[in-house]
>>> print(open('my_file-v4.txt').read())   # compact mmCIF, C-alpha atoms
# COMPACT_ATOMS: atom_id res chain seq x y z
CA MET W 1 -25.03 -7.53 1.04
CA LEU W 2 -21.84 -5.59 1.62
CA LYS W 3 -21.30 -5.26 5.33
CA LEU W 4 -19.96 -1.73 5.62
CA GLY W 5 -23.09 0.16 4.62
CA CYS W 6 -23.76 2.41 1.64
CA ARG W 7 -20.27 3.93 1.69
CA ALA W 8 -18.75 0.51 1.07
CA CYS W 9 -21.28 -0.18 -1.67
CA ARG W 10 -20.09 2.96 -3.44
CA ALA W 11 -16.50 1.92 -2.78
CA VAL W 12 -16.82 -1.38 -4.59
CA PHE W 13 -19.14 -0.54 -7.43
CA SER W 14 -18.05 2.97 -8.42
CA ASN W 15 -15.00 4.22 -10.28
CA ARG W 16 -14.90 7.36 -8.14
CA PRO W 17 -12.07 7.69 -5.58
CA ARG W 18 -12.96 6.06 -2.28
CA VAL W 19 -13.11 8.09 0.92
CA SER W 20 -11.74 6.07 3.83
CA THR W 21 -13.20 6.25 7.31
CA HIS W 22 -9.89 5.39 8.99
CA PRO W 23 -9.13 8.05 11.64
CA SER W 24 -5.62 8.82 10.38
CA LEU W 25 -7.07 9.71 6.98
CA ARG W 26 -9.49 12.33 8.25
CA ARG W 27 -8.93 15.83 6.95
CA ALA W 28 -6.64 18.17 8.83
CA SER W 29 -6.21 21.90 8.46
CA SER W 30 -3.49 22.88 5.98
CA GLY W 31 -1.13 23.89 8.78
CA ASP W 32 -1.47 20.48 10.45
CA LYS W 33 -0.82 18.37 7.36
CA PRO W 34 2.49 16.50 7.13
CA VAL W 35 4.76 18.01 4.47
CA ILE W 36 5.67 15.31 1.96
CA GLY W 37 8.12 14.78 -0.89
CA ILE W 38 7.92 11.88 -3.35
CA ASN W 39 11.03 10.19 -4.74
CA GLY W 40 10.12 8.18 -7.83
CA PHE W 41 7.06 9.15 -9.86
CA GLY W 42 6.11 5.65 -11.01
CA ARG W 43 2.88 3.79 -10.28
CA ILE W 44 3.03 4.15 -6.50
CA GLY W 45 4.46 7.67 -6.52
CA ARG W 46 1.63 8.89 -8.72
CA MET W 47 -1.01 7.00 -6.75
CA VAL W 48 0.24 8.52 -3.49
CA LEU W 49 -0.15 11.97 -5.03
CA ARG W 50 -3.60 11.14 -6.40
CA ALA W 51 -4.76 9.75 -3.07
CA SER W 52 -3.39 12.80 -1.26
CA PHE W 53 -5.42 15.15 -3.46
CA ASP W 54 -8.50 12.89 -3.58
CA LYS W 55 -8.71 12.80 0.20
CA LYS W 56 -7.15 16.17 1.03
CA ILE W 57 -4.48 14.40 3.09
CA GLY W 58 -0.88 15.49 3.42
CA ASN W 59 0.84 18.45 1.84
CA ILE W 60 2.92 17.26 -1.11
CA VAL W 61 5.39 20.01 -1.98
CA ALA W 62 8.07 18.25 -4.05
CA ILE W 63 8.65 15.36 -6.45
CA ASN W 64 11.98 13.93 -7.55
CA ASP W 65 12.46 11.73 -10.59
CA PRO W 66 15.66 11.79 -12.66
CA PHE W 67 13.91 10.51 -15.78
CA LEU W 68 10.87 12.81 -16.00
CA ASP W 69 10.64 16.53 -16.62
CA SER W 70 7.70 18.56 -15.35
CA LYS W 71 5.76 18.33 -18.63
CA TYR W 72 5.99 14.55 -18.71
CA MET W 73 5.03 14.37 -15.02
CA ALA W 74 1.95 16.49 -15.74
CA TYR W 75 0.95 14.19 -18.58
CA MET W 76 1.44 10.99 -16.58
CA LEU W 77 -0.49 12.35 -13.61
CA THR W 78 -3.37 13.61 -15.77
CA TYR W 79 -3.91 10.45 -17.80
CA ASP W 80 -3.95 6.97 -16.33
CA SER W 81 -5.06 3.88 -18.24
CA THR W 82 -6.04 2.04 -15.06
CA HIS W 83 -7.53 4.65 -12.73
CA GLY W 84 -8.79 7.15 -15.27
CA ARG W 85 -8.17 10.84 -15.77
CA PHE W 86 -7.07 12.89 -12.75
CA ASP W 87 -10.03 14.66 -11.17
CA GLY W 88 -8.59 18.16 -11.30
CA THR W 89 -6.14 20.35 -13.18
CA VAL W 90 -2.47 19.58 -13.73
CA VAL W 91 -0.07 21.88 -15.56
CA ALA W 92 3.69 22.13 -15.90
CA SER W 93 4.00 25.70 -14.64
CA GLY W 94 7.76 25.78 -15.13
CA GLU W 95 10.75 23.58 -15.93
CA CYS W 96 11.02 22.68 -12.24
CA GLU W 97 7.43 23.05 -11.14
CA LEU W 98 4.01 21.40 -11.35
CA THR W 99 0.75 23.06 -10.43
CA VAL W 100 -1.93 20.61 -9.28
CA ASN W 101 -5.37 22.05 -8.51
CA GLY W 102 -3.70 25.42 -8.07
CA LYS W 103 -1.04 24.09 -5.71
CA LYS W 104 2.60 24.49 -6.74
CA ILE W 105 4.90 21.46 -6.39
CA LYS W 106 8.66 21.63 -6.91
CA VAL W 107 10.23 19.18 -9.35
CA PHE W 108 13.76 17.79 -8.95
CA ASN W 109 15.68 15.53 -11.33
CA GLU W 110 18.42 14.09 -9.12
CA LYS W 111 19.71 10.52 -9.29
CA ASP W 112 21.38 10.62 -5.86
CA PRO W 113 19.00 11.01 -2.89
CA ASN W 114 21.51 13.04 -0.88
CA LYS W 115 21.53 15.69 -3.62
CA ILE W 116 17.78 16.30 -3.54
CA LYS W 117 17.10 19.63 -1.83
CA TRP W 118 14.29 18.40 0.37
CA LYS W 119 15.08 20.95 3.06
CA ASP W 120 14.78 23.86 0.62
CA ALA W 121 11.31 22.57 -0.33
CA GLY W 122 10.29 22.23 3.32
CA VAL W 123 9.88 18.45 3.07
CA LYS W 124 9.69 16.53 6.34
CA TYR W 125 8.57 13.11 5.07
CA VAL W 126 9.92 11.40 1.94
CA VAL W 127 7.95 8.68 0.19
CA GLU W 128 10.72 6.48 -1.23
CA SER W 129 8.93 4.83 -4.14
CA THR W 130 11.71 4.13 -6.64
CA GLY W 131 12.26 0.57 -5.45
CA ALA W 132 15.99 1.29 -5.54
CA PHE W 133 16.68 2.64 -2.05
CA THR W 134 15.10 0.04 0.21
CA THR W 135 17.77 -0.41 2.90
CA LEU W 136 18.47 1.80 5.90
CA GLU W 137 21.81 2.90 4.48
CA LYS W 138 20.39 3.88 1.10
CA ALA W 139 17.18 5.46 2.37
CA LYS W 140 19.03 7.55 4.96
CA LYS W 141 20.57 9.54 2.10
CA HIS W 142 17.29 11.45 1.93
CA ILE W 143 17.95 12.67 5.45
CA GLU W 144 21.30 14.04 4.26
CA GLY W 145 19.24 16.13 1.84
CA GLY W 146 17.25 17.62 4.69
CA ALA W 147 14.28 15.28 5.15
CA GLU W 148 13.44 14.08 8.65
CA LYS W 149 11.72 10.76 7.97
CA VAL W 150 11.62 8.26 5.09
CA ILE W 151 8.81 5.82 4.31
CA ILE W 152 9.91 3.03 1.96
CA THR W 153 7.08 1.73 -0.23
CA ALA W 154 8.48 -1.79 -0.39
CA PRO W 155 9.76 -4.50 1.93
CA SER W 156 13.18 -3.78 3.44
CA SER W 157 15.86 -6.17 4.60
CA ASP W 158 16.78 -4.06 7.62
CA ALA W 159 14.37 -1.13 8.11
CA PRO W 160 11.57 -1.52 10.69
CA MET W 161 8.44 -2.75 8.92
CA PHE W 162 4.91 -1.63 9.71
CA VAL W 163 1.45 -2.57 8.48
CA VAL W 164 -1.52 -0.34 9.26
CA GLY W 165 -3.98 -2.15 11.49
CA VAL W 166 -1.35 -4.63 12.67
CA ASN W 167 1.68 -3.21 14.49
CA MET W 168 1.55 0.59 14.22
CA ASP W 169 1.70 0.94 18.01
CA GLU W 170 5.28 -0.36 17.89
CA TYR W 171 6.52 2.69 15.99
CA ARG W 172 8.94 4.84 17.98
CA PRO W 173 9.89 8.46 17.19
CA GLU W 174 13.59 7.62 16.88
CA MET W 175 12.81 5.45 13.84
CA ASN W 176 13.67 7.77 10.96
CA VAL W 177 13.43 5.19 8.16
CA VAL W 178 10.56 2.69 8.04
CA SER W 179 9.12 0.25 5.53
CA ASN W 180 5.42 0.18 4.68
CA ALA W 181 5.86 -3.48 3.59
CA SER W 182 4.32 -4.64 0.30
CA CYS W 183 0.79 -4.36 -1.02
CA THR W 184 0.33 -8.10 -0.56
CA THR W 185 1.56 -8.05 3.05
CA ASN W 186 -0.83 -5.16 3.70
CA CYS W 187 -3.68 -7.36 2.49
CA LEU W 188 -2.57 -10.53 4.26
CA ALA W 189 -1.29 -9.31 7.63
CA PRO W 190 -4.49 -7.67 9.00
CA LEU W 191 -6.49 -10.77 8.06
CA ALA W 192 -3.88 -13.07 9.59
CA LYS W 193 -3.85 -11.04 12.79
CA ILE W 194 -7.63 -11.24 13.19
CA LEU W 195 -7.61 -14.99 12.60
CA HIS W 196 -4.57 -15.71 14.75
CA GLU W 197 -5.92 -13.79 17.74
CA LYS W 198 -9.22 -15.65 17.60
CA PHE W 199 -8.37 -19.14 16.34
CA CYS W 200 -4.55 -19.50 16.60
CA ILE W 201 -2.88 -20.20 13.24
CA THR W 202 -0.77 -23.38 13.20
CA GLU W 203 0.46 -22.98 9.62
CA GLY W 204 -0.60 -21.50 6.33
CA LEU W 205 0.22 -21.23 2.65
CA MET W 206 -0.56 -18.07 0.71
CA THR W 207 -0.87 -17.57 -3.01
CA THR W 208 -1.33 -14.11 -4.43
CA VAL W 209 -2.82 -13.95 -7.90
CA HIS W 210 -1.16 -10.67 -8.72
CA ALA W 211 -1.81 -8.07 -11.40
CA THR W 212 0.91 -7.15 -13.87
CA THR W 213 3.51 -4.65 -12.70
CA ALA W 214 5.99 -2.42 -14.50
CA THR W 215 8.92 -4.75 -13.83
CA GLN W 216 7.46 -7.38 -16.18
CA LYS W 217 8.13 -7.74 -19.90
CA THR W 218 5.57 -6.91 -22.57
CA VAL W 219 7.11 -9.64 -24.76
CA ASP W 220 9.56 -12.43 -23.95
CA GLY W 221 12.97 -11.17 -22.89
CA PRO W 222 15.94 -11.94 -20.63
CA SER W 223 15.31 -11.82 -16.89
CA GLY W 224 18.25 -12.69 -14.66
CA LYS W 225 18.05 -15.85 -12.55
CA GLN W 226 14.29 -16.36 -12.76
CA TRP W 227 13.94 -17.00 -16.47
CA ARG W 228 10.17 -17.26 -16.57
CA ASP W 229 9.86 -13.77 -15.03
CA GLY W 230 10.92 -12.56 -18.47
CA ARG W 231 8.02 -14.14 -20.34
CA GLY W 232 5.39 -11.87 -21.90
CA ALA W 233 3.12 -10.44 -19.20
CA GLY W 234 0.05 -10.21 -21.42
CA GLN W 235 0.37 -13.76 -22.72
CA ASN W 236 1.01 -15.83 -19.62
CA ILE W 237 0.16 -16.78 -16.06
CA ILE W 238 3.62 -16.64 -14.51
CA PRO W 239 4.61 -18.37 -11.25
CA ALA W 240 6.79 -16.04 -9.19
CA SER W 241 8.35 -15.74 -5.77
CA THR W 242 7.07 -13.42 -3.05
CA GLY W 243 8.21 -12.67 0.47
CA ALA W 244 4.81 -11.26 1.45
CA ALA W 245 3.74 -14.21 3.60
CA LYS W 246 7.08 -14.52 5.38
CA ALA W 247 7.01 -10.76 6.01
CA VAL W 248 3.89 -11.27 8.12
CA GLY W 249 6.20 -12.89 10.66
CA LYS W 250 8.08 -9.60 10.95
CA VAL W 251 4.99 -7.60 11.86
CA ILE W 252 3.33 -10.43 13.84
CA PRO W 253 6.26 -12.23 15.55
CA SER W 254 4.05 -15.05 16.84
CA LEU W 255 3.48 -16.06 13.20
CA ASN W 256 7.16 -16.12 12.29
CA GLY W 257 7.90 -19.33 10.38
CA LYS W 258 4.24 -20.32 10.16
CA LEU W 259 3.38 -18.70 6.82
CA THR W 260 4.99 -18.82 3.41
CA GLY W 261 3.75 -18.52 -0.15
CA MET W 262 4.13 -17.77 -3.82
CA ALA W 263 2.65 -15.58 -6.53
CA PHE W 264 1.07 -16.00 -9.93
CA ARG W 265 1.44 -12.94 -12.14
CA VAL W 266 -1.63 -12.66 -14.36
CA PRO W 267 -2.49 -10.40 -17.32
CA VAL W 268 -4.77 -7.86 -15.62
CA PRO W 269 -3.65 -4.23 -15.12
CA ASN W 270 -4.65 -3.85 -11.45
CA VAL W 271 -6.29 -5.53 -8.45
CA SER W 272 -4.90 -8.74 -7.00
CA VAL W 273 -6.24 -11.45 -4.72
CA VAL W 274 -4.78 -13.33 -1.75
CA ASP W 275 -5.64 -17.02 -1.41
CA LEU W 276 -4.77 -18.10 2.15
CA THR W 277 -4.99 -21.80 2.98
CA VAL W 278 -4.68 -22.04 6.73
CA ARG W 279 -4.81 -24.54 9.57
CA PHE W 280 -5.97 -23.43 13.04
CA CYS W 281 -5.19 -24.75 16.51
CA LYS W 282 -8.80 -24.26 17.58
CA GLU W 283 -11.84 -25.79 15.97
CA THR W 284 -14.23 -23.37 14.32
CA CYS W 285 -16.49 -23.04 11.29
CA LEU W 286 -16.63 -20.76 8.27
CA ASP W 287 -19.58 -18.81 9.63
CA GLU W 288 -17.66 -17.98 12.82
CA ILE W 289 -14.65 -16.86 10.78
CA LYS W 290 -16.86 -14.61 8.68
CA GLU W 291 -18.47 -13.10 11.75
CA THR W 292 -15.04 -12.47 13.31
CA VAL W 293 -13.84 -10.58 10.23
CA ARG W 294 -17.16 -8.77 9.90
CA ALA W 295 -16.85 -7.50 13.48
CA ALA W 296 -13.26 -6.38 12.92
CA VAL W 297 -14.05 -4.33 9.82
CA LYS W 298 -16.76 -2.53 11.77
CA GLY W 299 -14.37 -1.93 14.66
CA LYS W 300 -10.59 -1.69 14.84
CA LEU W 301 -10.12 -2.25 11.10
CA LYS W 302 -12.80 0.18 9.96
CA GLY W 303 -11.62 1.98 6.86
CA ILE W 304 -8.65 -0.38 6.55
CA TYR W 305 -10.31 -3.69 5.70
CA GLY W 306 -13.59 -4.68 4.09
CA TYR W 307 -16.02 -7.59 4.00
CA THR W 308 -18.35 -8.58 1.18
CA ASP W 309 -20.68 -11.46 0.44
CA GLU W 310 -21.57 -10.12 -3.00
CA GLN W 311 -20.48 -12.02 -6.13
CA VAL W 312 -17.65 -9.63 -6.91
CA VAL W 313 -14.76 -9.83 -9.38
CA SER W 314 -11.41 -8.07 -9.51
CA SER W 315 -12.44 -4.91 -11.38
CA ASP W 316 -15.00 -4.13 -8.67
CA PHE W 317 -12.08 -3.13 -6.45
CA ASN W 318 -10.25 -0.85 -8.87
CA THR W 319 -9.29 2.41 -7.09
CA ASP W 320 -10.50 1.04 -3.76
CA ASP W 321 -8.73 2.44 -0.70
CA HIS W 322 -8.84 -0.59 1.61
CA SER W 323 -5.90 -2.91 2.32
CA GLY W 324 -8.11 -5.87 1.46
CA TRP W 325 -11.65 -7.26 1.30
CA LEU W 326 -12.61 -10.70 2.55
CA ASP W 327 -14.71 -12.38 -0.15
CA ALA W 328 -17.11 -14.42 1.98
CA LYS W 329 -18.66 -16.27 -0.95
CA ALA W 330 -15.28 -17.48 -2.22
CA CYS W 331 -14.05 -18.90 1.11
CA ILE W 332 -14.05 -22.68 1.68
CA GLU W 333 -14.19 -24.92 4.76
CA LEU W 334 -12.68 -28.41 4.52
CA GLY W 335 -12.77 -29.29 8.21
CA PRO W 336 -13.07 -27.59 11.61
CA ARG W 337 -9.42 -26.49 11.51
CA PHE W 338 -8.67 -26.21 7.77
CA PHE W 339 -9.88 -23.34 5.57
CA LYS W 340 -9.26 -21.42 2.37
CA LEU W 341 -9.83 -17.66 2.69
CA ILE W 342 -9.94 -15.18 -0.20
CA ALA W 343 -9.21 -11.44 -0.01
CA TRP W 344 -9.13 -8.86 -2.82
CA TYR W 345 -6.92 -5.77 -2.86
CA ASP W 346 -6.09 -2.84 -5.09
CA ASN W 347 -2.33 -3.26 -5.21
CA GLU W 348 -1.79 0.34 -6.38
CA TYR W 349 -4.30 2.82 -4.97
CA GLY W 350 -5.22 0.87 -1.86
CA TYR W 351 -1.58 0.42 -0.92
CA SER W 352 -0.85 4.10 -1.56
CA CYS W 353 -3.57 5.04 0.92
CA ARG W 354 -1.75 2.97 3.53
CA VAL W 355 1.43 4.93 2.78
CA LEU W 356 -0.49 8.08 3.70
CA ASP W 357 -1.82 6.35 6.81
CA MET W 358 1.73 5.52 7.83
CA ILE W 359 2.89 9.11 7.34
CA ALA W 360 -0.10 10.39 9.32
CA HIS W 361 0.75 8.07 12.20
CA VAL W 362 4.46 8.95 12.18
CA ASP W 363 3.58 12.64 12.10
CA LYS W 364 1.15 12.26 15.00
CA VAL W 365 3.74 10.45 17.13
CA SER W 366 6.39 13.04 16.26
CA LYS W 367 4.13 15.92 17.29
CA GLU W 368 3.10 14.21 20.51
CA THR W 369 6.75 13.56 21.37
CA ALA W 370 7.69 17.18 20.68
CA LYS W 371 4.78 18.36 22.83
CA ASP W 372 5.86 16.11 25.71
CA LYS W 373 9.39 17.51 25.57
CA CYS W 374 7.99 21.03 25.94
>>> encode(input="my_file-v4.txt", output="structure tokens")
Amino acid sequence: MLKLGCRACRAVFSNRPRVSTHPSLRRASSGDKPVIGINGFGRIGRMVLRASFDKKIGNIVAINDPFLDSKYMAYMLTYDSTHGRFDGTVVASGECELTVNGKKIKVFNEKDPNKIKWKDAGVKYVVESTGAFTTLEKAKKHIEGGAEKVIITAPSSDAPMFVVGVNMDEYRPEMNVVSNASCTTNCLAPLAKILHEKFCITEGLMTTVHATTATQKTVDGPSGKQWRDGRGAGQNIIPASTGAAKAVGKVIPSLNGKLTGMAFRVPVPNVSVVDLTVRFCKETCLDEIKETVRAAVKGKLKGIYGYTDEQVVSSDFNTDDHSGWLDAKACIELGPRFFKLIAWYDNEYGYSCRVLDMIAHVDKVSKETAKDKC
């Protein structure tokens, strides 16, 4: 049985949007919602908007994308080959405006972040989802346009990195630009933290079997230094690099240098899986590991992580809002310190829900700080 009750059963086996139980995703009154702008209306940008409307979280008032006009934005939001048709109404109500479920959203078409009129739109938080402005210097250009905080939806070489359920308590109000890490790190890090706290990880190797993304080629083509990255996405299983495992060391310093890994890009449109082969300091057994994770998903990771002992496959997690699900039936024990652990994750929608979690937390800290100053 799934171990999170009937809500989790619906979450895995239904195509309807999932409603998280995580406290930071609970509904707030319209006046209390963080005011959000989205830069880059690609896969993650659109999923953040969908999740915001699905869950009534955040107040998205503006979108910037230099390559899409409002009509094309409306089309791309309405129809999605992976997650289905948008559950609501979307119209291009003007050249520079979308109306989503009756709510008006300003549309900008600027290439330079410092030229986007975030302040005029009332935006406080910018979701930086272009993949192009991932450093502090580049992301801070949004602040020049009037935004107060920037959340980068990718790993960053120099911005503070946070993973929900792992190190959110380390956020400080003076941090104006933060990274929400990658979808894979969001799946791996909470699991690694649970295991490390209980059993002490000595070392580990991670492989993510990762769904196709927009950066891949539909047919063979040139691809910079990593030639095989340019091979046809629908025809191949492609070995690729990933910094997701090493990034765990940034959010859990005691694991720095103890984890590394790689990726295989596979021809499925969405949902990926982490394969973590890990050695522990302490002796344990697979049943104890399962019970440890099961307890965590009922407690401090409720609404963030899941546990299942059903015979699930990747499509069962499409449009799921968790960072990851431990697949108990797929895990393997070789010895008392050596294990293979498997966790599924929706690398689009699930990750986008964590972006909203991050914004909710930053907004909460900002309001508490302002209240203390008064």
>>> residues_around(input="my_file-v4.txt", residues="Gln216 (chain W)", least_positions_apart="4", cutoff="10 Å", atoms="only C-alpha atoms", output="list in words")
Thr212, Asp220, Gly221, Ser223, Asp229, Gly230, Arg231, Gly232, Ala233, Gly234 and Arg265 of chain W
>>> atom_distance(input="my_file-v4.txt", atom1="CA of Ile36 (chain W)", atom2="CA of Ile359 (chain W)")
8.7 Å
>>> atom_distance(input="my_file-v4.txt", atom1="CA of Ala92 (chain W)", atom2="CA of Gly42 (chain W)")
17.4 Å
>>> atom_distance(input="my_file-v4.txt", atom1="CA of Phe199 (chain W)", atom2="CA of Ser323 (chain W)")
21.6 Å
>>> closest_residue(input="my_file-v4.txt", among="W:Val248, W:Ala189, W:Leu136, W:Cys183", to="Asp321 (chain W)", atoms="only C-alpha atoms")
W:Cys183
>>> residues_around(input="my_file-v4.txt", residues="region 177-181 of chain W", least_positions_apart="2", cutoff="6 Å", atoms="all atoms listed in the file", output="ChimeraX atom specification")
/W:149-155,159-162,175
>>> residues_around(input="my_file-v4.txt", residues="Lys104 (chain W)", least_positions_apart="2", cutoff="12 Å", atoms="all atoms listed in the file", output="MDAnalysis selection string")
chainID W and resid 59:63 70 89:94 96:102 106:107 121
>>> closest_residue(input="my_file-v4.txt", among="W:Val48, W:Val123, W:Val166, W:Leu356", to="Lys250 (chain W)", atoms="all atoms listed in the file")
W:Val166
>>> decode(input="my_file-v4.txt", residues="region 134-221 of chain W", atoms="C-alpha atoms", output="short mmCIF file (atom, residue, chain, number, x, y, z; two decimals), in the first residue's frame")
data_model
loop_
_atom_site.label_atom_id
_atom_site.label_comp_id
_atom_site.auth_asym_id
_atom_site.auth_seq_id
_atom_site.Cartn_x
_atom_site.Cartn_y
_atom_site.Cartn_z
CA THR W 134 22.10 31.73 -13.16
CA THR W 135 24.85 33.73 -11.43
CA LEU W 136 24.50 36.41 -8.78
CA GLU W 137 25.70 39.11 -11.15
CA LYS W 138 23.28 38.18 -13.92
CA ALA W 139 20.27 37.47 -11.70
CA LYS W 140 20.69 40.74 -9.79
CA LYS W 141 19.72 42.60 -12.97
CA HIS W 142 16.12 41.78 -12.10
CA ILE W 143 16.54 43.84 -8.94
CA GLU W 144 17.61 46.79 -11.10
CA GLY W 145 14.19 46.44 -12.75
CA GLY W 146 12.46 46.79 -9.40
CA ALA W 147 12.14 43.24 -8.07
CA GLU W 148 13.21 42.55 -4.49
CA LYS W 149 14.16 38.87 -4.63
CA VAL W 150 15.16 36.40 -7.36
CA ILE W 151 14.74 32.62 -7.25
CA ILE W 152 16.88 30.84 -9.86
CA THR W 153 15.33 27.59 -11.07
CA ALA W 154 18.68 25.92 -11.69
CA PRO W 155 21.97 25.29 -9.90
CA SER W 156 24.16 28.37 -9.53
CA SER W 157 27.92 28.65 -9.27
CA ASP W 158 27.78 31.42 -6.67
CA ALA W 159 24.21 32.05 -5.43
CA PRO W 160 23.17 30.46 -2.12
CA MET W 161 21.46 27.14 -2.84
CA PHE W 162 18.45 25.79 -0.98
CA VAL W 163 16.44 22.58 -1.09
CA VAL W 164 13.05 22.40 0.60
CA GLY W 165 13.12 19.93 3.47
CA VAL W 166 16.90 20.12 3.74
CA ASN W 167 18.42 23.52 4.55
CA MET W 168 15.65 26.12 4.37
CA ASP W 169 16.38 27.26 7.93
CA GLU W 170 19.70 28.65 6.69
CA TYR W 171 18.01 31.28 4.53
CA ARG W 172 18.65 34.84 5.69
CA PRO W 173 16.61 37.92 4.68
CA GLU W 174 19.66 39.69 3.22
CA MET W 175 19.93 36.97 0.56
CA ASN W 176 18.25 38.62 -2.43
CA VAL W 177 19.22 36.01 -5.03
CA VAL W 178 18.95 32.29 -4.28
CA SER W 179 19.07 29.05 -6.24
CA ASN W 180 16.39 26.39 -5.91
CA ALA W 181 18.97 23.81 -7.11
CA SER W 182 17.96 21.27 -9.77
CA CYS W 183 15.04 18.87 -9.93
CA THR W 184 17.42 15.96 -9.38
CA THR W 185 19.05 17.56 -6.33
CA ASN W 186 15.57 18.21 -4.94
CA CYS W 187 14.86 14.49 -5.24
CA LEU W 188 18.21 13.29 -3.92
CA ALA W 189 19.02 15.72 -1.10
CA PRO W 190 16.01 15.08 1.21
CA LEU W 191 16.56 11.33 0.91
CA ALA W 192 20.30 11.70 1.52
CA LYS W 193 19.65 13.86 4.58
CA ILE W 194 17.29 11.31 6.13
CA LEU W 195 19.75 8.48 5.53
CA HIS W 196 22.83 10.41 6.63
CA GLU W 197 21.26 11.54 9.90
CA LYS W 198 20.26 7.99 10.78
CA PHE W 199 22.96 5.76 9.28
CA CYS W 200 25.89 8.07 8.34
CA ILE W 201 26.74 7.96 4.63
CA THR W 202 30.37 7.05 3.90
CA GLU W 203 30.12 7.40 0.13
CA GLY W 204 27.62 7.09 -2.67
CA LEU W 205 27.14 7.06 -6.42
CA MET W 206 23.98 8.42 -7.99
CA THR W 207 22.57 7.81 -11.43
CA THR W 208 19.54 9.72 -12.60
CA VAL W 209 17.60 8.13 -15.44
CA HIS W 210 16.29 11.42 -16.70
CA ALA W 211 13.43 12.32 -19.02
CA THR W 212 14.09 14.26 -22.21
CA THR W 213 14.42 18.03 -21.88
CA ALA W 214 14.16 20.90 -24.33
CA THR W 215 17.94 21.28 -24.63
CA GLN W 216 18.21 17.93 -26.44
CA LYS W 217 18.06 17.34 -30.19
CA THR W 218 15.13 15.69 -31.92
CA VAL W 219 17.56 14.28 -34.50
CA ASP W 220 21.36 14.05 -34.52
CA GLY W 221 23.07 17.43 -34.56
#
